[in-house]
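Trainee: Contents of upload04.cif (mmCIF, N, CA and C atoms):
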data_target
#
loop_
_atom_site.label_atom_id
_atom_site.label_comp_id
_atom_site.auth_asym_id
_atom_site.auth_seq_id
_atom_site.Cartn_x
_atom_site.Cartn_y
_atom_site.Cartn_z
N ASP A 1 7.27 -8.58 5.25
CA ASP A 1 6.33 -9.69 5.28
C ASP A 1 7.08 -10.99 5.47
N ASP A 2 6.48 -11.90 6.15
CA ASP A 2 7.13 -13.17 6.44
C ASP A 2 6.59 -14.26 5.53
N TYR A 3 7.44 -14.75 4.66
CA TYR A 3 7.11 -15.87 3.79
C TYR A 3 8.14 -16.97 4.03
N GLY A 4 8.32 -17.30 5.33
CA GLY A 4 9.34 -18.26 5.75
C GLY A 4 9.23 -19.61 5.09
N GLN A 5 8.03 -20.01 4.69
CA GLN A 5 7.86 -21.32 4.08
C GLN A 5 8.57 -21.44 2.74
N TYR A 6 9.08 -20.32 2.22
CA TYR A 6 9.76 -20.35 0.93
C TYR A 6 11.27 -20.43 1.09
N GLY A 7 11.75 -20.58 2.33
CA GLY A 7 13.18 -20.72 2.57
C GLY A 7 13.90 -19.39 2.47
N ASP A 8 15.20 -19.44 2.29
CA ASP A 8 16.02 -18.23 2.28
C ASP A 8 15.82 -17.38 1.03
N GLN A 9 15.27 -17.96 -0.03
CA GLN A 9 15.10 -17.20 -1.26
C GLN A 9 13.98 -16.18 -1.17
N GLY A 10 13.05 -16.33 -0.21
CA GLY A 10 11.90 -15.43 -0.13
C GLY A 10 10.87 -15.83 -1.16
N TYR A 11 9.82 -15.11 -1.19
CA TYR A 11 8.72 -15.39 -2.13
C TYR A 11 8.95 -14.60 -3.40
N ASP A 12 9.04 -15.28 -4.53
CA ASP A 12 9.36 -14.61 -5.79
C ASP A 12 8.16 -14.38 -6.68
N GLY A 13 6.96 -14.71 -6.21
CA GLY A 13 5.77 -14.47 -7.00
C GLY A 13 5.47 -15.55 -8.02
N GLN A 14 6.25 -16.62 -8.08
CA GLN A 14 6.06 -17.65 -9.10
C GLN A 14 4.75 -18.40 -8.94
N MET A 15 4.18 -18.40 -7.74
CA MET A 15 2.95 -19.14 -7.52
C MET A 15 1.70 -18.31 -7.77
N ILE A 16 1.87 -17.08 -8.18
CA ILE A 16 0.72 -16.21 -8.44
C ILE A 16 0.05 -16.65 -9.74
N ASP A 17 -1.25 -16.72 -9.71
CA ASP A 17 -2.01 -17.02 -10.91
C ASP A 17 -1.76 -15.90 -11.93
N PRO A 18 -1.28 -16.20 -13.12
CA PRO A 18 -0.99 -15.16 -14.11
C PRO A 18 -2.19 -14.27 -14.42
N ASN A 19 -3.40 -14.80 -14.25
CA ASN A 19 -4.58 -13.99 -14.51
C ASN A 19 -4.74 -12.88 -13.49
N MET A 20 -4.12 -13.03 -12.33
CA MET A 20 -4.26 -12.02 -11.27
C MET A 20 -3.35 -10.82 -11.51
N THR A 21 -2.33 -10.97 -12.32
CA THR A 21 -1.38 -9.89 -12.50
C THR A 21 -1.64 -9.10 -13.77
N ALA A 22 -2.84 -9.15 -14.27
CA ALA A 22 -3.17 -8.33 -15.43
C ALA A 22 -2.84 -6.89 -15.10
N GLY A 23 -2.13 -6.24 -15.96
CA GLY A 23 -1.70 -4.88 -15.68
C GLY A 23 -0.26 -4.83 -15.20
N ALA A 24 0.39 -5.96 -15.10
CA ALA A 24 1.79 -5.96 -14.66
C ALA A 24 2.68 -5.22 -15.64
N ASP A 25 2.17 -4.97 -16.83
CA ASP A 25 2.93 -4.23 -17.83
C ASP A 25 2.87 -2.72 -17.57
N GLY A 26 2.20 -2.32 -16.48
CA GLY A 26 2.10 -0.89 -16.17
C GLY A 26 0.80 -0.28 -16.65
N ASN A 27 -0.01 -1.01 -17.38
CA ASN A 27 -1.28 -0.49 -17.86
C ASN A 27 -2.25 -0.40 -16.70
N LYS A 28 -2.68 0.81 -16.38
CA LYS A 28 -3.58 1.02 -15.25
C LYS A 28 -5.04 0.96 -15.65
N GLY A 29 -5.31 0.69 -16.89
CA GLY A 29 -6.69 0.49 -17.34
C GLY A 29 -7.53 1.74 -17.24
N ASP A 30 -8.84 1.53 -17.10
CA ASP A 30 -9.79 2.64 -17.10
C ASP A 30 -10.32 2.99 -15.72
N VAL A 31 -9.68 2.48 -14.67
CA VAL A 31 -10.15 2.77 -13.32
C VAL A 31 -9.92 4.25 -13.01
N LYS A 32 -10.97 4.91 -12.56
CA LYS A 32 -10.88 6.33 -12.20
C LYS A 32 -10.54 6.44 -10.72
N ILE A 33 -9.45 7.08 -10.41
CA ILE A 33 -8.99 7.22 -9.03
C ILE A 33 -9.35 8.62 -8.56
N LYS A 34 -10.39 8.70 -7.73
CA LYS A 34 -10.82 9.98 -7.20
C LYS A 34 -10.57 10.07 -5.70
N ASP A 35 -10.46 8.92 -5.07
CA ASP A 35 -10.31 8.84 -3.61
C ASP A 35 -9.23 7.79 -3.32
N PRO A 36 -8.46 7.96 -2.26
CA PRO A 36 -7.43 6.96 -1.95
C PRO A 36 -7.97 5.54 -1.82
N SER A 37 -9.19 5.38 -1.37
CA SER A 37 -9.74 4.03 -1.25
C SER A 37 -9.95 3.37 -2.62
N ASP A 38 -10.01 4.17 -3.68
CA ASP A 38 -10.14 3.62 -5.04
C ASP A 38 -8.91 2.81 -5.44
N LEU A 39 -7.78 3.01 -4.75
CA LEU A 39 -6.55 2.28 -5.07
C LEU A 39 -6.69 0.79 -4.78
N PHE A 40 -7.65 0.41 -3.93
CA PHE A 40 -7.88 -1.01 -3.67
C PHE A 40 -8.31 -1.75 -4.93
N ALA A 41 -8.74 -1.03 -5.96
CA ALA A 41 -9.11 -1.67 -7.23
C ALA A 41 -7.91 -2.38 -7.86
N TYR A 42 -6.69 -1.99 -7.48
CA TYR A 42 -5.47 -2.59 -8.02
C TYR A 42 -4.90 -3.68 -7.12
N VAL A 43 -5.64 -4.08 -6.09
CA VAL A 43 -5.19 -5.12 -5.17
C VAL A 43 -5.94 -6.41 -5.47
N SER A 44 -5.20 -7.48 -5.71
CA SER A 44 -5.79 -8.80 -5.93
C SER A 44 -5.54 -9.66 -4.70
N TYR A 45 -6.43 -10.61 -4.48
CA TYR A 45 -6.35 -11.52 -3.34
C TYR A 45 -6.11 -12.92 -3.87
N GLY A 46 -5.27 -13.67 -3.19
CA GLY A 46 -5.04 -15.04 -3.62
C GLY A 46 -4.49 -15.88 -2.50
N SER A 47 -4.24 -17.13 -2.81
CA SER A 47 -3.59 -18.02 -1.85
C SER A 47 -2.63 -18.93 -2.60
N ASP A 48 -1.56 -19.29 -1.90
CA ASP A 48 -0.56 -20.15 -2.53
C ASP A 48 -0.94 -21.62 -2.31
N PRO A 49 -0.19 -22.56 -2.87
CA PRO A 49 -0.52 -23.98 -2.73
C PRO A 49 -0.55 -24.48 -1.28
N LEU A 50 0.12 -23.76 -0.38
CA LEU A 50 0.13 -24.15 1.02
C LEU A 50 -1.07 -23.60 1.78
N GLY A 51 -1.90 -22.80 1.09
CA GLY A 51 -3.09 -22.23 1.71
C GLY A 51 -2.87 -20.88 2.38
N CYS A 52 -1.68 -20.33 2.26
CA CYS A 52 -1.40 -19.01 2.84
C CYS A 52 -2.01 -17.94 1.93
N THR A 53 -2.71 -17.01 2.53
CA THR A 53 -3.34 -15.95 1.74
C THR A 53 -2.37 -14.79 1.56
N PHE A 54 -2.54 -14.07 0.48
CA PHE A 54 -1.71 -12.91 0.18
C PHE A 54 -2.49 -11.94 -0.69
N PHE A 55 -1.96 -10.75 -0.79
CA PHE A 55 -2.51 -9.72 -1.67
C PHE A 55 -1.41 -9.34 -2.64
N SER A 56 -1.78 -9.02 -3.87
CA SER A 56 -0.77 -8.64 -4.86
C SER A 56 -1.20 -7.40 -5.62
N CYS A 57 -0.19 -6.64 -6.04
CA CYS A 57 -0.40 -5.43 -6.83
C CYS A 57 -0.64 -5.86 -8.28
N GLN A 58 -1.75 -5.45 -8.85
CA GLN A 58 -2.07 -5.81 -10.23
C GLN A 58 -1.18 -5.08 -11.24
N ILE A 59 -0.49 -4.05 -10.81
CA ILE A 59 0.34 -3.28 -11.72
C ILE A 59 1.73 -3.89 -11.86
N CYS A 60 2.35 -4.25 -10.71
CA CYS A 60 3.73 -4.75 -10.77
C CYS A 60 3.92 -6.13 -10.17
N GLY A 61 2.90 -6.67 -9.50
CA GLY A 61 3.00 -8.01 -8.94
C GLY A 61 3.56 -8.08 -7.54
N LYS A 62 3.89 -6.95 -6.91
CA LYS A 62 4.40 -6.97 -5.53
C LYS A 62 3.39 -7.69 -4.65
N VAL A 63 3.89 -8.48 -3.69
CA VAL A 63 3.05 -9.30 -2.84
C VAL A 63 3.19 -8.86 -1.39
N SER A 64 2.08 -8.89 -0.66
CA SER A 64 2.08 -8.55 0.76
C SER A 64 1.02 -9.39 1.47
N SER A 65 1.24 -9.59 2.76
CA SER A 65 0.24 -10.30 3.54
C SER A 65 -0.86 -9.37 4.05
N ARG A 66 -0.65 -8.04 3.90
CA ARG A 66 -1.63 -7.07 4.38
C ARG A 66 -2.16 -6.22 3.23
N LYS A 67 -3.47 -6.17 3.09
CA LYS A 67 -4.13 -5.41 2.02
C LYS A 67 -3.79 -3.92 2.11
N GLU A 68 -3.79 -3.38 3.33
CA GLU A 68 -3.51 -1.95 3.52
C GLU A 68 -2.09 -1.59 3.09
N ASP A 69 -1.14 -2.51 3.33
CA ASP A 69 0.24 -2.25 2.90
C ASP A 69 0.32 -2.17 1.37
N LEU A 70 -0.46 -3.00 0.69
CA LEU A 70 -0.48 -2.96 -0.78
C LEU A 70 -1.10 -1.67 -1.28
N ARG A 71 -2.15 -1.19 -0.61
CA ARG A 71 -2.77 0.09 -0.99
C ARG A 71 -1.73 1.20 -0.87
N ASP A 72 -0.97 1.19 0.22
CA ASP A 72 0.08 2.20 0.40
C ASP A 72 1.15 2.07 -0.68
N HIS A 73 1.55 0.84 -1.00
CA HIS A 73 2.54 0.61 -2.06
C HIS A 73 2.03 1.17 -3.39
N ILE A 74 0.77 0.87 -3.72
CA ILE A 74 0.20 1.32 -4.99
C ILE A 74 0.21 2.84 -5.07
N GLU A 75 -0.16 3.49 -3.97
CA GLU A 75 -0.14 4.96 -3.96
C GLU A 75 1.28 5.48 -4.14
N ASN A 76 2.23 4.94 -3.38
CA ASN A 76 3.61 5.44 -3.42
C ASN A 76 4.32 5.13 -4.73
N ALA A 77 4.14 3.92 -5.25
CA ALA A 77 4.89 3.50 -6.43
C ALA A 77 4.22 3.83 -7.76
N HIS A 78 2.89 3.83 -7.79
CA HIS A 78 2.21 3.95 -9.08
C HIS A 78 1.31 5.18 -9.22
N PHE A 79 0.96 5.81 -8.12
CA PHE A 79 0.09 6.99 -8.17
C PHE A 79 0.65 8.10 -7.29
N SER A 80 1.96 8.28 -7.32
CA SER A 80 2.57 9.31 -6.48
C SER A 80 2.02 10.68 -6.87
N ASN A 81 1.85 11.50 -5.87
CA ASN A 81 1.34 12.87 -6.03
C ASN A 81 -0.10 12.94 -6.54
N SER A 82 -0.86 11.87 -6.38
CA SER A 82 -2.27 11.88 -6.81
C SER A 82 -3.19 12.49 -5.77
N PHE A 83 -2.77 12.46 -4.50
CA PHE A 83 -3.59 12.96 -3.41
C PHE A 83 -2.75 13.85 -2.51
N ILE A 84 -3.41 14.73 -1.80
CA ILE A 84 -2.76 15.58 -0.81
C ILE A 84 -3.34 15.23 0.55
N TYR A 85 -2.46 15.00 1.52
CA TYR A 85 -2.86 14.70 2.89
C TYR A 85 -2.41 15.86 3.76
N SER A 86 -3.31 16.40 4.55
CA SER A 86 -3.00 17.55 5.39
C SER A 86 -2.81 17.10 6.84
N CYS A 87 -1.74 17.60 7.45
CA CYS A 87 -1.44 17.28 8.85
C CYS A 87 -2.45 17.99 9.76
N ASP A 88 -3.02 17.24 10.69
CA ASP A 88 -3.99 17.79 11.65
C ASP A 88 -3.36 18.80 12.60
N PHE A 89 -2.06 18.71 12.81
CA PHE A 89 -1.38 19.54 13.80
C PHE A 89 -0.83 20.84 13.22
N CYS A 90 -0.16 20.76 12.06
CA CYS A 90 0.50 21.96 11.51
C CYS A 90 -0.01 22.33 10.12
N HIS A 91 -0.92 21.54 9.58
CA HIS A 91 -1.54 21.77 8.27
C HIS A 91 -0.55 21.68 7.10
N ALA A 92 0.59 21.01 7.33
CA ALA A 92 1.52 20.76 6.23
C ALA A 92 0.83 19.81 5.25
N ASN A 93 1.09 19.99 3.97
CA ASN A 93 0.54 19.12 2.94
C ASN A 93 1.57 18.09 2.54
N LEU A 94 1.15 16.82 2.54
CA LEU A 94 2.05 15.73 2.20
C LEU A 94 1.47 14.92 1.06
N LYS A 95 2.35 14.25 0.30
CA LYS A 95 1.95 13.61 -0.95
C LYS A 95 1.42 12.19 -0.84
N SER A 96 1.50 11.57 0.36
CA SER A 96 0.98 10.22 0.52
C SER A 96 0.59 9.95 1.96
N LYS A 97 -0.20 8.92 2.15
CA LYS A 97 -0.60 8.51 3.49
C LYS A 97 0.64 8.13 4.30
N THR A 98 1.58 7.45 3.67
CA THR A 98 2.82 7.05 4.33
C THR A 98 3.63 8.27 4.73
N ALA A 99 3.71 9.27 3.85
CA ALA A 99 4.45 10.49 4.17
C ALA A 99 3.81 11.22 5.36
N LEU A 100 2.48 11.23 5.41
CA LEU A 100 1.78 11.87 6.54
C LEU A 100 2.08 11.13 7.83
N LYS A 101 2.02 9.81 7.80
CA LYS A 101 2.31 9.01 8.99
C LYS A 101 3.74 9.26 9.47
N ASN A 102 4.70 9.29 8.55
CA ASN A 102 6.10 9.55 8.91
C ASN A 102 6.28 10.96 9.45
N HIS A 103 5.61 11.93 8.84
CA HIS A 103 5.67 13.32 9.29
C HIS A 103 5.18 13.45 10.73
N LYS A 104 4.03 12.85 11.01
CA LYS A 104 3.48 12.94 12.37
C LYS A 104 4.39 12.26 13.38
N ALA A 105 4.98 11.14 13.00
CA ALA A 105 5.89 10.43 13.91
C ALA A 105 7.15 11.26 14.20
N LYS A 106 7.63 11.97 13.20
CA LYS A 106 8.86 12.74 13.36
C LYS A 106 8.63 14.08 14.06
N TYR A 107 7.58 14.81 13.67
CA TYR A 107 7.40 16.17 14.15
C TYR A 107 6.31 16.34 15.20
N HIS A 108 5.43 15.39 15.35
CA HIS A 108 4.29 15.58 16.25
C HIS A 108 4.08 14.42 17.23
N ARG A 109 5.13 13.71 17.53
CA ARG A 109 5.02 12.58 18.45
C ARG A 109 4.42 13.05 19.78
N GLN A 110 4.92 14.14 20.32
CA GLN A 110 4.42 14.67 21.58
C GLN A 110 2.97 15.17 21.44
N ASP A 111 2.66 15.81 20.33
CA ASP A 111 1.30 16.31 20.09
C ASP A 111 0.31 15.14 20.07
N ARG A 112 0.71 14.03 19.45
CA ARG A 112 -0.17 12.86 19.36
C ARG A 112 -0.44 12.28 20.74
N ILE A 113 0.55 12.27 21.61
CA ILE A 113 0.39 11.74 22.96
C ILE A 113 -0.57 12.64 23.75
N LEU A 114 -0.44 13.95 23.61
CA LEU A 114 -1.26 14.88 24.36
C LEU A 114 -2.73 14.85 23.94
N THR A 115 -3.00 14.51 22.67
CA THR A 115 -4.39 14.53 22.19
C THR A 115 -5.09 13.20 22.37
N MET A 116 -4.40 12.19 22.85
CA MET A 116 -5.02 10.86 23.02
C MET A 116 -5.77 10.78 24.32
#
Would you mind giving the structure from this file in structure tokens?

Mentor:
Amino acid sequence: DDYGQYGDQGYDGQMIDPNMTAGADGNKGDVKIKDPSDLFAYVSYGSDPLGCTFFSCQICGKVSSRKEDLRDHIENAHFSNSFIYSCDFCHANLKSKTALKNHKAKYHRQDRILTM
């Protein structure tokens, strides 16, 4: 993510409203995760003093400019092995959306081109 306005230090999360990071202690609360889209419950939206919008993980405070990237982060970092993703080509079972995407890119690049 590009947070160039913060100089060489990058964005350290200091401008995040402390109320948005409830759960930064690792407490996942009472949210029931039955579907991968339920992970968006842990994504907060905000803007910094310069008006730039961002999304943050309510569990650890990680910041991203893309909501979908935060959903993937939450699944990989905080809910690993919660869901199974099956490959359309070889039916391999993978533990995350990111793992499935990487699997298809590595093993089925040609298959993806042929089916488009």

Trainee: Atom N of Glu68 (chain A) and CA of Cys90 (chain A), how far apart in Å?

Mentor: 27.0 Å

Trainee: Could you tell me, as a list of chain:residue names, exactly which residues end up selected when the PyMOL selection byres (((chain A and resi 37-46 and name CA) around 6) and name CA) is applied to this structure?

Mentor: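 Selected by the PyMOL selection byres (((chain A and resi 37-46 and name CA) around 6) and name CA) here: A:Ile33, A:Asp35, A:Pro36, A:Ser47, A:Thr53, A:Phe54, A:Phe55, A:Ser56, A:Cys57, A:Gln58, A:Arg71.
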
Trainee: Pull out every residue that the PyMOL selection byres (((chain A and resi 98 and name CA) around 12) and name CA) matches in the shown coordinates and put them as a PyMOL selection string.

Mentor: chain A and resi 68-77+80-81+83-85+87+94-97+99-105

Trainee: In Å, how far is it from CA of Ile59 (chain A) to CA of Phe79 (chain A)?

Mentor: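 Calculated distance between CA of Ile59 (chain A) and CA of Phe79 (chain A) is 10.9 Å.
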
Trainee: Out of region 59-98 of chain A, which residues get helix (DSSP H, G or I) from DSSP, as a VMD selection string?

Mentor: chain A and resid 67 to 78 97 to 98

Trainee: Interatomic distance between CA of Arg66 (chain A) and CA of Asp48 (chain A)?

Mentor: 14.8 Å
